[in-house]
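Visitor: Once you've had a glance at the structure underneath, I'll fire off some questions.
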Amino acid sequence: MNLNYELLVFDWDGTLFDSTACIVKSIQLAAREFGLPEVPVERARHVIGLGLEPALKIAVPELPAERYRELAHAYRRHYFATVHEVTLFEGVPELLQALQARGHRLAVATGKSRRGLDEALEQVGLRGLFEATRTADETASKPHPQMLHELMDELGVPAHRSLMIGDTTHDLQLAANAGTAALAVAFGAHGEGELRALQPLAVLHDVPALAGWLKSHG
């Protein structure tokens, strides 16, 4: 089968996993523990997809630099206390299974930690669908291209046959920096206007639209 994109690399949070609200709340609760001002929702949403400490430095700029590691521990405690209530977006398992059946190779590039991604994959039963994954604590954080470069190298797929799919400008910048095409979904952390400004192949508003686009163009 002649696929336009052999390798499909998905972001996790806000693209496959409906975790945006959980992440925002965990950032806000962690900041509150430190007696800091309430983190605005839009600021917390903006940093989703980055590695945790870089994200917290932007979301909570009032904290002294030497305390961000403590804040990260507080964030993780709040996140792991509630993430078991989070689910995949409706239709995601069926989409991934159909893509795999058509011959696509699937991977994940995420700002999560390795622990966070492994626990999430186990929770939703998707571990066996992805040939390779990269997390922000084992390689450079988005939008540095290293995540995508490592995935493409590991799986032996060139940039022109690879597609990055994500819900944030960090994902789209990652793709641009790595020399791959990018597809955006507008049901996660960043809004349609922000996403369109980076000129992805398309901006899609739900999982069925994503499935339809990939069936026609992928």
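Naming scheme: A, B, ... for chains in displayed order of the structure tokens; residues 1 onward per chain; ligands 1 onward as shown.
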Show which residues sit within 6 Å of segment 35-50 of chain A, as a PDB file with N, CA and C atoms, in the first residue's frame. Count only C-alpha atoms, and ignore same-chain residues fewer than 6 positions away.
Guide:
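As a result, selection_11.pdb now contains:
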```
ATOM      1  N   VAL A  24      -4.059  21.367  33.868  1.00  0.00           N
ATOM      2  CA  VAL A  24      -4.259  22.759  34.304  1.00  0.00           C
ATOM      3  C   VAL A  24      -4.538  22.807  35.804  1.00  0.00           C
ATOM      4  N   GLN A  28      -2.342  24.559  38.898  1.00  0.00           N
ATOM      5  CA  GLN A  28      -2.936  25.553  39.799  1.00  0.00           C
ATOM      6  C   GLN A  28      -2.831  25.126  41.259  1.00  0.00           C
ATOM      7  N   ALA A  59       4.636  28.909  33.486  1.00  0.00           N
ATOM      8  CA  ALA A  59       3.307  28.993  34.099  1.00  0.00           C
ATOM      9  C   ALA A  59       3.339  29.704  35.443  1.00  0.00           C
ATOM     10  N   GLY A 111       5.566  15.608  26.042  1.00  0.00           N
ATOM     11  CA  GLY A 111       6.224  16.345  27.116  1.00  0.00           C
ATOM     12  C   GLY A 111       6.107  15.655  28.465  1.00  0.00           C
ATOM     13  N   LYS A 142      10.222  19.484  23.645  1.00  0.00           N
ATOM     14  CA  LYS A 142       9.675  20.265  22.530  1.00  0.00           C
ATOM     15  C   LYS A 142       9.928  21.753  22.777  1.00  0.00           C
ATOM     16  N   ALA A 189      -5.203  21.642  23.970  1.00  0.00           N
ATOM     17  CA  ALA A 189      -4.779  22.763  24.808  1.00  0.00           C
ATOM     18  C   ALA A 189      -4.763  24.111  24.102  1.00  0.00           C
TER      19      ALA A 189
END
```
Visitor: Write out as a PyMOL selection string the residues lying within 7 Å of His190 of chain A, counting only C-alpha atoms and excluding same-chain residues fewer than 3 positions away.
Guide: chain A and resi 45-46+167-168+186+194-195
Visitor: Dump all heavy atoms for the selected residues as a PDB file, in the first residue's frame?
Guide:
```pdb
ATOM      1  N   ARG A  45      -2.687  26.283  30.154  1.00  0.00           N
ATOM      2  CA  ARG A  45      -2.923  25.529  28.920  1.00  0.00           C
ATOM      3  C   ARG A  45      -1.792  25.722  27.916  1.00  0.00           C
ATOM      4  O   ARG A  45      -1.417  24.788  27.194  1.00  0.00           O
ATOM      5  CB  ARG A  45      -4.244  25.963  28.282  1.00  0.00           C
ATOM      6  CG  ARG A  45      -5.490  25.527  29.041  1.00  0.00           C
ATOM      7  CD  ARG A  45      -6.740  26.157  28.449  1.00  0.00           C
ATOM      8  NE  ARG A  45      -7.027  25.627  27.124  1.00  0.00           N
ATOM      9  CZ  ARG A  45      -7.881  24.638  26.887  1.00  0.00           C
ATOM     10  NH1 ARG A  45      -8.525  24.050  27.882  1.00  0.00           N
ATOM     11  NH2 ARG A  45      -8.109  24.216  25.659  1.00  0.00           N
ATOM     12  N   HIS A  46      -1.242  26.927  27.878  1.00  0.00           N
ATOM     13  CA  HIS A  46      -0.214  27.239  26.883  1.00  0.00           C
ATOM     14  C   HIS A  46       1.027  26.373  27.058  1.00  0.00           C
ATOM     15  O   HIS A  46       1.673  26.002  26.076  1.00  0.00           O
ATOM     16  CB  HIS A  46       0.180  28.715  26.955  1.00  0.00           C
ATOM     17  CG  HIS A  46       1.297  29.045  26.012  1.00  0.00           C
ATOM     18  ND1 HIS A  46       1.109  29.164  24.653  1.00  0.00           N
ATOM     19  CD2 HIS A  46       2.635  29.233  26.225  1.00  0.00           C
ATOM     20  CE1 HIS A  46       2.264  29.432  24.063  1.00  0.00           C
ATOM     21  NE2 HIS A  46       3.204  29.480  24.997  1.00  0.00           N
ATOM     22  N   ASP A 167      -1.743  18.932  19.429  1.00  0.00           N
ATOM     23  CA  ASP A 167      -2.756  19.936  19.769  1.00  0.00           C
ATOM     24  C   ASP A 167      -2.163  21.261  20.199  1.00  0.00           C
ATOM     25  O   ASP A 167      -2.910  22.149  20.616  1.00  0.00           O
ATOM     26  CB  ASP A 167      -3.660  19.412  20.896  1.00  0.00           C
ATOM     27  CG  ASP A 167      -2.902  19.280  22.205  1.00  0.00           C
ATOM     28  OD1 ASP A 167      -1.813  18.655  22.215  1.00  0.00           O
ATOM     29  OD2 ASP A 167      -3.376  19.814  23.232  1.00  0.00           O
ATOM     30  N   THR A 168      -0.834  21.407  20.129  1.00  0.00           N
ATOM     31  CA  THR A 168      -0.211  22.649  20.594  1.00  0.00           C
ATOM     32  C   THR A 168       0.764  23.206  19.558  1.00  0.00           C
ATOM     33  O   THR A 168       1.253  22.482  18.679  1.00  0.00           O
ATOM     34  CB  THR A 168       0.564  22.448  21.912  1.00  0.00           C
ATOM     35  OG1 THR A 168       1.763  21.688  21.653  1.00  0.00           O
ATOM     36  CG2 THR A 168      -0.289  21.763  22.961  1.00  0.00           C
ATOM     37  N   ALA A 186      -7.699  20.742  17.223  1.00  0.00           N
ATOM     38  CA  ALA A 186      -8.103  21.912  18.002  1.00  0.00           C
ATOM     39  C   ALA A 186      -9.025  21.544  19.153  1.00  0.00           C
ATOM     40  O   ALA A 186      -9.777  22.386  19.634  1.00  0.00           O
ATOM     41  CB  ALA A 186      -8.780  22.933  17.090  1.00  0.00           C
ATOM     42  N   GLU A 194      -4.085  30.057  17.145  1.00  0.00           N
ATOM     43  CA  GLU A 194      -2.670  29.804  17.421  1.00  0.00           C
ATOM     44  C   GLU A 194      -2.123  28.716  16.506  1.00  0.00           C
ATOM     45  O   GLU A 194      -1.010  28.813  15.980  1.00  0.00           O
ATOM     46  CB  GLU A 194      -2.476  29.350  18.868  1.00  0.00           C
ATOM     47  CG  GLU A 194      -2.794  30.349  19.944  1.00  0.00           C
ATOM     48  CD  GLU A 194      -2.659  29.710  21.318  1.00  0.00           C
ATOM     49  OE1 GLU A 194      -3.639  29.111  21.798  1.00  0.00           O
ATOM     50  OE2 GLU A 194      -1.557  29.805  21.891  1.00  0.00           O
ATOM     51  N   LEU A 195      -2.902  27.664  16.337  1.00  0.00           N
ATOM     52  CA  LEU A 195      -2.454  26.535  15.533  1.00  0.00           C
ATOM     53  C   LEU A 195      -2.342  26.905  14.060  1.00  0.00           C
ATOM     54  O   LEU A 195      -1.344  26.590  13.402  1.00  0.00           O
ATOM     55  CB  LEU A 195      -3.415  25.357  15.714  1.00  0.00           C
ATOM     56  CG  LEU A 195      -3.496  24.788  17.136  1.00  0.00           C
ATOM     57  CD1 LEU A 195      -4.676  23.826  17.257  1.00  0.00           C
ATOM     58  CD2 LEU A 195      -2.201  24.105  17.549  1.00  0.00           C
TER      59      LEU A 195
END
```
Visitor: Counting only C-alpha atoms, which residue out of A:Lys25, A:Arg105, A:His149, A:Arg115 sits closest to Leu129 of chain A?
Guide: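 Among A:Lys25, A:Arg105, A:His149, A:Arg115, it is A:Arg105 that comes nearest to Leu129 of chain A.
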Visitor: Using only C-alpha atoms, pick whichever of A:Thr20, A:Thr135, A:Thr15, A:Gln146 has the shortest atom-to-atom distance to Val185 of chain A.
Guide: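 Of A:Thr20, A:Thr135, A:Thr15, A:Gln146, the one nearest Val185 of chain A, counting only C-alpha atoms, is A:Thr15.
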Visitor: Provide the atom CA of Gly166 of chain A to atom CA of Glu90 of chain A distance in Å, to one decimal place.
Guide: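 We find that atom CA of Gly166 of chain A and atom CA of Glu90 of chain A lie 16.2 Å from each other.
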Visitor: Run DSSP on the backbone and tell me which residues of chain A come out as alpha helix (DSSP H); list them as a count of residues only.
Guide: 100
Visitor: Identify which of the residues A:Ala197, A:Ala55, A:Val92, A:Ala72 lies closest to Gly14 of chain A, counting only C-alpha atoms when measuring atom-to-atom distances.
Guide: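 Smallest distance to Gly14 of chain A is found for A:Val92.
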Visitor: At a cut-off of 10 Å, using only C-alpha atoms, what residues contact Asp137 of chain A? Leave out same-chain residues fewer than 6 positions from it and give the result as a PyMOL selection string.
Guide: chain A and resi 51-53+110-115
Visitor: Write a file of the selected residues as a short mmCIF file (atom, residue, chain, number, x, y, z; two decimals), in the first residue's frame, keeping N, CA, C and O atoms.
Guide:
```cif
data_model
loop_
_atom_site.label_atom_id
_atom_site.label_comp_id
_atom_site.auth_asym_id
_atom_site.auth_seq_id
_atom_site.Cartn_x
_atom_site.Cartn_y
_atom_site.Cartn_z
N GLY A 51 8.37 20.05 28.51
CA GLY A 51 8.84 19.31 29.67
C GLY A 51 8.36 19.99 30.94
O GLY A 51 8.11 21.21 30.96
N LEU A 52 8.26 19.23 32.05
CA LEU A 52 7.58 19.76 33.23
C LEU A 52 8.26 20.99 33.81
O LEU A 52 7.60 22.01 34.04
N GLU A 53 9.54 20.93 34.09
CA GLU A 53 10.17 22.11 34.72
C GLU A 53 10.18 23.32 33.80
O GLU A 53 9.86 24.43 34.24
N THR A 110 6.07 13.11 23.46
CA THR A 110 5.28 13.80 24.49
C THR A 110 6.15 14.56 25.47
O THR A 110 7.30 14.20 25.72
N GLY A 111 5.57 15.61 26.04
CA GLY A 111 6.22 16.34 27.12
C GLY A 111 6.11 15.65 28.47
O GLY A 111 6.64 16.14 29.46
N LYS A 112 5.40 14.54 28.53
CA LYS A 112 5.27 13.79 29.78
C LYS A 112 6.60 13.19 30.19
O LYS A 112 7.53 13.08 29.39
N SER A 113 6.65 12.73 31.42
CA SER A 113 7.78 11.93 31.89
C SER A 113 7.60 10.49 31.41
O SER A 113 6.49 10.08 31.02
N ARG A 114 8.68 9.71 31.47
CA ARG A 114 8.56 8.30 31.11
C ARG A 114 7.56 7.59 32.03
O ARG A 114 6.73 6.81 31.57
N ARG A 115 7.63 7.88 33.33
CA ARG A 115 6.68 7.26 34.25
C ARG A 115 5.25 7.63 33.86
O ARG A 115 4.36 6.78 33.81
#
```
Visitor: Find the residue from A:Val86, A:Leu16, A:Ile58, A:Leu7 that sits nearest to Gly156 of chain A; use only C-alpha atoms when measuring.
Guide: A:Leu7
Visitor: Applying 9 Å and only C-alpha atoms, which residues near Ala132 of chain A remain after dropping the ones on its own chain fewer than 2 positions away? List them as a ChimeraX atom specification.
Guide: /A:106-109,130,134,151,154-155
Visitor: Write out the residues from the selection above, keeping N, CA, C and O atoms, as a compact mmCIF listing (two decimals), in the first residue's frame.
Guide:
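Output contents, as saved in part33.txt:
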```txt
# COMPACT_ATOMS: atom_id res chain seq x y z
N LEU A 106 3.18 3.67 14.16
CA LEU A 106 2.70 4.66 15.13
C LEU A 106 3.74 4.87 16.22
O LEU A 106 4.37 3.92 16.70
N ALA A 107 3.87 6.14 16.63
CA ALA A 107 4.80 6.50 17.70
C ALA A 107 4.20 7.65 18.51
O ALA A 107 3.23 8.28 18.09
N VAL A 108 4.81 7.91 19.66
CA VAL A 108 4.39 9.01 20.53
C VAL A 108 5.60 9.89 20.85
O VAL A 108 6.68 9.39 21.18
N ALA A 109 5.40 11.21 20.77
CA ALA A 109 6.39 12.20 21.22
C ALA A 109 5.67 13.12 22.20
O ALA A 109 4.75 13.84 21.80
N PHE A 130 2.03 1.20 19.74
CA PHE A 130 3.09 2.14 19.38
C PHE A 130 4.44 1.42 19.29
O PHE A 130 4.85 0.74 20.23
N ARG A 134 8.88 8.63 22.90
CA ARG A 134 9.89 9.49 23.52
C ARG A 134 9.20 10.44 24.49
O ARG A 134 8.12 10.97 24.20
N LEU A 151 13.02 9.25 16.97
CA LEU A 151 11.97 8.31 16.55
C LEU A 151 12.17 7.90 15.09
O LEU A 151 12.05 6.71 14.74
N GLU A 154 15.19 5.59 14.91
CA GLU A 154 14.92 4.27 15.48
C GLU A 154 14.10 3.41 14.53
O GLU A 154 14.35 2.19 14.40
N LEU A 155 13.12 4.02 13.87
CA LEU A 155 12.21 3.26 13.02
C LEU A 155 12.62 3.26 11.55
O LEU A 155 11.99 2.59 10.73
```
Visitor: Please measure the separation of atom CA of Thr180 of chain A and atom CA of Glu150 of chain A, giving the value in Å to one decimal.
Guide: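 Interatomic distance, atom CA of Thr180 of chain A to atom CA of Glu150 of chain A: 13.0 Å.
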Visitor: Excluding segment 78-81 of chain A and its own-chain neighbours fewer than 6 positions away, which residues fall within 8 Å of it when counting only C-alpha atoms? Please give them as a list in words.
Guide: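 Listing them by chain and then by number gives Cys22, Ile23, Ser26, Leu29 and Ala30 of chain A.
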Visitor: Export all heavy atoms of the chosen residues as a JSON list (two decimals), in the first residue's frame?
Guide:
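Output (result-v9.json):
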```json
[["chain", "number", "residue", "atom", "x", "y", "z"],
["A", 22, "CYS", "N", -7.07, 18.23, 33.64],
["A", 22, "CYS", "CA", -6.34, 17.64, 34.77],
["A", 22, "CYS", "C", -4.98, 18.30, 34.94],
["A", 22, "CYS", "O", -4.55, 18.61, 36.06],
["A", 22, "CYS", "CB", -6.18, 16.14, 34.52],
["A", 22, "CYS", "SG", -5.22, 15.26, 35.78],
["A", 23, "ILE", "N", -4.28, 18.56, 33.84],
["A", 23, "ILE", "CA", -2.97, 19.20, 33.90],
["A", 23, "ILE", "C", -3.09, 20.63, 34.41],
["A", 23, "ILE", "O", -2.33, 21.08, 35.28],
["A", 23, "ILE", "CB", -2.29, 19.17, 32.52],
["A", 23, "ILE", "CG1", -1.97, 17.72, 32.13],
["A", 23, "ILE", "CG2", -1.03, 20.02, 32.50],
["A", 23, "ILE", "CD1", -1.52, 17.55, 30.70],
["A", 26, "SER", "N", -3.79, 20.65, 38.11],
["A", 26, "SER", "CA", -2.63, 20.22, 38.89],
["A", 26, "SER", "C", -1.59, 21.34, 38.99],
["A", 26, "SER", "O", -0.97, 21.52, 40.05],
["A", 26, "SER", "CB", -2.01, 18.98, 38.25],
["A", 26, "SER", "OG", -2.92, 17.90, 38.26],
["A", 29, "LEU", "N", -3.10, 23.86, 41.55],
["A", 29, "LEU", "CA", -3.04, 23.38, 42.93],
["A", 29, "LEU", "C", -1.61, 23.38, 43.46],
["A", 29, "LEU", "O", -1.38, 23.72, 44.63],
["A", 29, "LEU", "CB", -3.63, 21.97, 43.01],
["A", 29, "LEU", "CG", -5.14, 21.86, 42.82],
["A", 29, "LEU", "CD1", -5.56, 20.39, 42.73],
["A", 29, "LEU", "CD2", -5.88, 22.57, 43.95],
["A", 30, "ALA", "N", -0.65, 23.02, 42.63],
["A", 30, "ALA", "CA", 0.75, 23.04, 43.06],
["A", 30, "ALA", "C", 1.19, 24.46, 43.38],
["A", 30, "ALA", "O", 1.84, 24.71, 44.41],
["A", 30, "ALA", "CB", 1.63, 22.44, 41.97]]
```
Visitor: Once DSSP has gone over the backbone, tell me which residues of segment 131-206 of chain A are in strand (DSSP E), as a PDB file with N, CA, C and O atoms, in the first residue's frame.
Guide:
```pdb
ATOM      1  N   ALA A 132       7.367   2.956  19.016  1.00  0.00           N
ATOM      2  CA  ALA A 132       8.406   3.701  19.733  1.00  0.00           C
ATOM      3  C   ALA A 132       7.769   4.912  20.402  1.00  0.00           C
ATOM      4  O   ALA A 132       6.756   5.431  19.922  1.00  0.00           O
ATOM      5  N   THR A 133       8.361   5.354  21.507  1.00  0.00           N
ATOM      6  CA  THR A 133       7.880   6.538  22.218  1.00  0.00           C
ATOM      7  C   THR A 133       9.072   7.322  22.753  1.00  0.00           C
ATOM      8  O   THR A 133      10.128   6.757  23.029  1.00  0.00           O
ATOM      9  N   ARG A 134       8.879   8.628  22.899  1.00  0.00           N
ATOM     10  CA  ARG A 134       9.888   9.488  23.519  1.00  0.00           C
ATOM     11  C   ARG A 134       9.203  10.440  24.487  1.00  0.00           C
ATOM     12  O   ARG A 134       8.123  10.971  24.195  1.00  0.00           O
ATOM     13  N   SER A 162       7.163  11.133   7.337  1.00  0.00           N
ATOM     14  CA  SER A 162       6.737  11.197   8.735  1.00  0.00           C
ATOM     15  C   SER A 162       5.800  12.382   8.939  1.00  0.00           C
ATOM     16  O   SER A 162       5.976  13.440   8.343  1.00  0.00           O
ATOM     17  N   LEU A 163       4.809  12.194   9.815  1.00  0.00           N
ATOM     18  CA  LEU A 163       3.816  13.229  10.109  1.00  0.00           C
ATOM     19  C   LEU A 163       3.655  13.351  11.615  1.00  0.00           C
ATOM     20  O   LEU A 163       3.420  12.360  12.302  1.00  0.00           O
ATOM     21  N   MET A 164       3.783  14.583  12.123  1.00  0.00           N
ATOM     22  CA  MET A 164       3.567  14.878  13.541  1.00  0.00           C
ATOM     23  C   MET A 164       2.136  15.369  13.723  1.00  0.00           C
ATOM     24  O   MET A 164       1.665  16.247  12.990  1.00  0.00           O
ATOM     25  N   ILE A 165       1.430  14.802  14.712  1.00  0.00           N
ATOM     26  CA  ILE A 165       0.042  15.171  14.980  1.00  0.00           C
ATOM     27  C   ILE A 165      -0.066  15.645  16.423  1.00  0.00           C
ATOM     28  O   ILE A 165       0.270  14.900  17.355  1.00  0.00           O
ATOM     29  N   GLY A 166      -0.509  16.887  16.631  1.00  0.00           N
ATOM     30  CA  GLY A 166      -0.572  17.401  17.988  1.00  0.00           C
ATOM     31  C   GLY A 166      -1.563  18.529  18.152  1.00  0.00           C
ATOM     32  O   GLY A 166      -2.136  19.032  17.179  1.00  0.00           O
ATOM     33  N   ALA A 181       6.153  17.079   8.133  1.00  0.00           N
ATOM     34  CA  ALA A 181       4.830  17.694   8.031  1.00  0.00           C
ATOM     35  C   ALA A 181       4.146  17.640   9.392  1.00  0.00           C
ATOM     36  O   ALA A 181       4.516  16.856  10.266  1.00  0.00           O
ATOM     37  N   ALA A 182       3.114  18.492   9.563  1.00  0.00           N
ATOM     38  CA  ALA A 182       2.399  18.543  10.838  1.00  0.00           C
ATOM     39  C   ALA A 182       0.904  18.689  10.598  1.00  0.00           C
ATOM     40  O   ALA A 182       0.466  19.361   9.662  1.00  0.00           O
ATOM     41  N   LEU A 183       0.150  18.062  11.479  1.00  0.00           N
ATOM     42  CA  LEU A 183      -1.305  18.113  11.465  1.00  0.00           C
ATOM     43  C   LEU A 183      -1.747  18.532  12.858  1.00  0.00           C
ATOM     44  O   LEU A 183      -1.228  18.020  13.854  1.00  0.00           O
ATOM     45  N   ALA A 184      -2.704  19.461  12.936  1.00  0.00           N
ATOM     46  CA  ALA A 184      -3.133  19.988  14.229  1.00  0.00           C
ATOM     47  C   ALA A 184      -4.550  19.556  14.568  1.00  0.00           C
ATOM     48  O   ALA A 184      -5.401  19.437  13.679  1.00  0.00           O
ATOM     49  N   VAL A 185      -4.794  19.338  15.855  1.00  0.00           N
ATOM     50  CA  VAL A 185      -6.148  19.112  16.357  1.00  0.00           C
ATOM     51  C   VAL A 185      -6.484  20.234  17.336  1.00  0.00           C
ATOM     52  O   VAL A 185      -5.652  20.633  18.152  1.00  0.00           O
ATOM     53  N   VAL A 203      -6.254  21.855  10.379  1.00  0.00           N
ATOM     54  CA  VAL A 203      -6.641  21.935  11.788  1.00  0.00           C
ATOM     55  C   VAL A 203      -7.987  21.226  11.907  1.00  0.00           C
ATOM     56  O   VAL A 203      -8.968  21.631  11.268  1.00  0.00           O
ATOM     57  N   LEU A 204      -8.034  20.176  12.716  1.00  0.00           N
ATOM     58  CA  LEU A 204      -9.212  19.316  12.787  1.00  0.00           C
ATOM     59  C   LEU A 204      -9.859  19.424  14.163  1.00  0.00           C
ATOM     60  O   LEU A 204      -9.160  19.594  15.168  1.00  0.00           O
TER      61      LEU A 204
END
```
Visitor: If I take atom CA of Met152 of chain A and atom CA of Phe187 of chain A, how far is one from the other in Å, to one decimal?
Guide: 26.4 Å
